[in-house]
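Participant: Next up is a structure, given as structure tokens.
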Amino acid sequence: MILSMLIFLPIAFSPVVYLVTRFSKKIGILLSVFLSFFILLLSAYVFTGVYLNPPQPNNYSYAERFSWISYGPVTVDYFVGADGLSSPLVLLSALLTLLVVLGSRELIEKSEPEYYSLLFVFEGAIMGVFLSLDLVFFYIFWELVLIPMFFFIGLWGGSRKKYAAMKFIIFTFVGSTVMLLGFLYVYLVSPVHSFDIPDLAGQVPGGLQLIPLILTFLGFGVKLPVFPFHTWLPDAHVEAPSPISVLLAGVLLKMGGYGFLRISLGLFPQASSQYAVYFIVLAVFSMFYAAFVAMLQKDLKRMVAYTSINHMGFVMLGAFAAAASGSVLGIGGALLQMFTHGLAIGSLFMLTGYIQHQAGTREISLLRGLRNLMPRTAILLVLGSWAAMALPPFASFLAEFMVIAAAVAAYSWSAISVLVPVITAGYFLWMVKRTVLSKAEVSEIHDMSLLDMLSFLLYLAPLVIVLVFSFLITDPLTPVAQFLMGLR
Amino acid sequence: MMDLLTLTVLLLSGISLTLPLLQLTKFKIVSAYILASVLALSLFLIVIYGLNPVQNQLSPSLLASDTLGSFFAAIAIGVTLFVTLASIDYIRTPNTAIYYSLLGFTALGMLLLSFSKDLLMLFVSWELMSFPTYVLAGIDKKRRSNEAAVKYGIIGAMSSAIILYAISIAYGIAGSTQISDVVRALSARHDIIVAVSILLFVAGFGFKMSIVPFHMWIPDAYEGAPATVSTLFAAATKKSGFVAAIRVLLAMTTVYAVTNNTFFTVSNILAVLALLTMTLGNVAALTQRSITRLLAYSSIAQAGYILVGFVPFAVSPLSYDAQIGLTGSLFHILNHAVMKGSAFLVAAAVLLKLRRADLDSYNGLAKRMPIASFTLAISLFALAGIPPLNGFWSKLYIFLSVASGPYLWLAIAGVLNSAFSLGYYAWIVKRMYLDEPEKPDRVDEPLSFVIIFAVLTALIIGIGIFPQVFINFITGAVNSFI
């Protein structure tokens with residue numbers, strides 16, 4: 001019951017939020033904060049439950065199953081469940097939604113009723129993606145995520161919002177319909193004739209795995225995004241309002257990484273392992289490409305957006321390095337990278353929103369002397385950059401270390417990916433030097449409030465906690481990772 | 001005790017014959033309400049009949065008593081009901097009672113056609129359905145409307161002639177007009193004359209089904225006719241082409257492969273037609289400047305998807321894939337009637353209020369007509385196949401039926417087409433919600449339309465969330481045919 005509540009409670013409350021916010025903005029936002037906090041508590045409950053009692057391999061905690069369509073030759077079940085792979089992502093989504101609600105208070109200034117109600121549709125849909133164990137429902141929630149995001153970018157975006165919204169929806173829709181074709185193919189060729197992910201695990205004949213692997217890769221690759229399907233992302237991020245960028249980078253991109261781990265590795269293990277080298281090459285190339293392009297950006301937000309592509313490349317690298325070498329480190333690293341990237345990049349995107357709001361620009365060359373002008377923002381920018389550079393004490397360090405270790409175990413030449421964090425550190429330090437450490441040219445710019453500054457603790461504190469207590473995430477993941485590796 | 005099918009036929013024919021009498025009185029508009037209530041009653045009766053079909057007493061040799069017939073009849077009557085309700089505000093003609101009587105006759109024709117199991121009965125009800133629509137297309141008596149009516153009339157007459165020719169060949173071979181006899185007789189022979197007869201049937205029905213290359217008249221007719229009548233064409237009479245094709249053509253494929261040639265088989269012909277139809281429909285829709293033409297081309301594309309579901313049946317009628325495909329096609333026919341009916345009726349409401357049909361008039365419509373915009377957005381997303389709306393499930397079934405086996409390329413083409421189609425559907429949503437209106441005033445939306453929109457939107461979402469009920473009924477229809 002609790003997982004269905006995670007999915008449908010936000011969706012059911014979204015009209016309520018709409019009506020209340022229409023009536024009074026203050027009460028509406030208060031209601032949104034409470035609702036998202038309640039969802040966060042529920043996800044924390046699920047996370048703790050999964051941590052204390054990790055389900056057996058290929059089993060799921062809190063599973064619920066109803067037959068949805070059973071008449072005729074096609075059966076589709078509503079089937080949800082949580083395990084060590086999905087529960088951290090559920091927790092991350094709930095946490096980021098709360099942070100986005102808190103951040104939107106300041107940064108969203110029009111059509112609030114529609115905004116907050118769509119936010120909860122989005123939250124419910126994303127929970128559905130991470131919790132669904134039936135491919136059809138997985139696809140339904142996958143597509144449901146698109147519609148609120150289309151309106152977020154198109155209605156609350158910047159000057160080229162329409163272009164960005166259309167580009168976003170067309171890219172992702174084409175990718176996901178092709179992914180659906182892969183699901184249909186799996187249904188037909190597997191002897192079990194089922195859409196259930198646990199039933200299908202290990203059931204797709206080895207020789208027939210390559211076609212669905214490629215078809216679903218298009219869906220996941222566009223979402224992740226990986227070169228050459230990434231071009232929608234910088235546009236979407238630059239045009240989207242900052243709180244939405246947080247969701248886009250922190251949650252929506254995770255759908256792609258989750259798809260690689262759950263479906264590519266779980267349903268097509270032999271093909272993933274056999275052809276892993278192509279995916280690893282693509283991932284490494286994508287990381288380098290995004291890192292170099294990020295270096296050239298003039299707009300702070302665009303730079304963070306490319307960093308996002310660069311970081312998500314690690315997720316793909318970790319997943320396929322694990323498939324190639326059989327090392328569970330890759331899976332752990334990929335999941336940790338998703339978790340830490342959501343928080344680190346999320347904090348940076350939110351900061352760009354505040355910077356735009358306070359300074360009126362995001363151009364790196366125009367932002368000078370933040371150290372003196374907005375000390376609070378500057379401190380957070382430096383800390384967020386550390387997290388993005390994968391410096392300890394932030395858990396991004398551990399994630400990238402694990403991924404690279406797994407990649408080296410798979411193919412020693414992929415040690416070259418060690419250079420990516422170096423490049424990332426390079427351009428982040430350069431950015432910090434130009435913005436924070438330079439001399440101010442103007443004198444009066446107001447800084448963010450202390451309360452807003454403290455809310456950023458919610459982004460950064462978990463990163464430190466996860467580095468120290470990394471077993472919180474890796475322990476429940478171990479049975480899942482071992483099961484996935486056993487399928488190869 | 002009369003069976004429900006007979007009762008419905010008598011009810012509809014009685015009311016259609018007597019409605020014109022109201023033309024002589026002052027209460028012409030009452031005819032709309034009478035027709036609407038009779039159609040609602042008929043819809044109810046025909047669904048009840050379909051749940052438990054008994055031998056009809058009207059003419060057991062001419063009319064089948066099966067769920068397949070009642071499925072199509074229910075769609076036809078349901079769409080006519082919505083068209084009738086929408087016409088109350090929309091249609092301004094001195095011949096009000098005549099208009100509604102003609103709508104009634106069309107519904108009767110579609111009803112009889114759905115159940116026909118004899119070629120002559122099929123032809124007669126085909127004409128009963130078509131003739132009133134020629135008049136309806138021109139009921140506005142405007143230049144555009146008249147042109148559409150004449151064009152549609154000529155094409156319609158041609159397709160009728162083609163069907164009649166095909167029937168005469170079939171009769172010449174079989175010595176009977178019963179569809180089952182014809183199928184048996186044709187299957188015994190393997191010569192060119194049989195192929196000619198089948199191709200003539202394909203062409204004749206293809207005009208109504210809007211299959212490429214028989215689609216040229218569709219955009220002109222849909223654009224010229226009053227928008228409510230276009231709704232009837234797109235959502236109802238087109239479906240009658242499909243029921244005729246299922247009864248005649250698919251029955252033939254069960255026993256006969258056109259020639260012994262391995263390339264020129266019925267399944268290959270259907271697959272190629274399906275590919276051409278959906279691709280051409282989608283590509284052409286992308287470049288349209290008027291909403292009715294865009295919806296017309298989208299309707300052609302959707303016919304292509306429906307045809308895809310017939311392909312596995314033509315390959316091997318008793319396989320699982322055939323059952324999935326036919327279920328998907330029938331389900332998509334139902335969904336298409338709802339989605340396209342909804343989209344066309346929004347176009348009608350906009351035409352009524354803004355007097356424009358070009359796409360620019362949809363800029364910022366969400367601020368001017370929020371209910372109509374929401375309805376259109378939902379129906380367009382459903383047409384694009386975005387879950388959990390109804391169009392998703394039927395497309396899922398259709399593509400599932402061809403995703404394994406020799407026609408995987410057709411599934412890929414269909415999925416890509418479906419993704420491609422979002423390009424123009426989302427474009428309209430973008431215009432309505434993201435663009436600024438030319439005039440920011442709020443336009444009031446007629447109550448009758450608001451009610452229709454609410455019902456249709458509820459259907460789109462309801463079928464999407466609870467597809468099981470409808471699939472049960474459709475599986476019954478499919479089994480009654482197989």
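Starting from 1 in every chain, residues are counted up; chains themselves are A, B, ... following the order of the structure tokens, and ligands are numbered from 1 as listed.
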Considering only C-alpha atoms, extract the chain A residues located within 7 Å of chain B and return them as a list in words.
Facilitator: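 That gives the following set of residues: Trp68, Ile69, Tyr71, Gly72, Pro73, Ile140, Glu143, Leu144, Gly154, Leu155, Lys162, Ile170, Phe173, Val174, Thr177, Val178, Leu184, Tyr185 and Leu188 of chain A.
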Participant: Write out as JSON, numbers by chain each polymer residue whose atoms come within 9 Å of range 233-239 of chain B, counting only C-alpha atoms; drop sequence neighbours fewer than 5 positions from it.
Facilitator: {"B": [72, 75, 76, 77, 78, 79, 80, 106, 107, 110, 129, 130, 133, 207, 208, 209, 210, 222, 228, 244, 295, 296, 299, 303, 333, 334, 336, 337, 338, 339, 340, 341, 344]}
Participant: I'd like the interatomic distance between CA of Arg376 in chain A and CA of Leu450 in chain A, to a tenth of an Å.
Facilitator: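 Spanning CA of Arg376 in chain A to CA of Leu450 in chain A is a straight-line distance of 7.9 Å.
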Participant: Which one is closest to Leu458 in chain A: A:Val277, A:Met303, A:Leu96, A:Ala405? Count only C-alpha atoms.
Facilitator: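 Residue with the minimum atom-to-atom distance to Leu458 in chain A: A:Leu96.
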Participant: According to DSSP computed on the backbone, where in range 288-390 of chain B is there alpha helix (DSSP H)? Give the residues as a ChimeraX atom specification.
Facilitator: /B:291-315,320-354,365-368,370-384,390
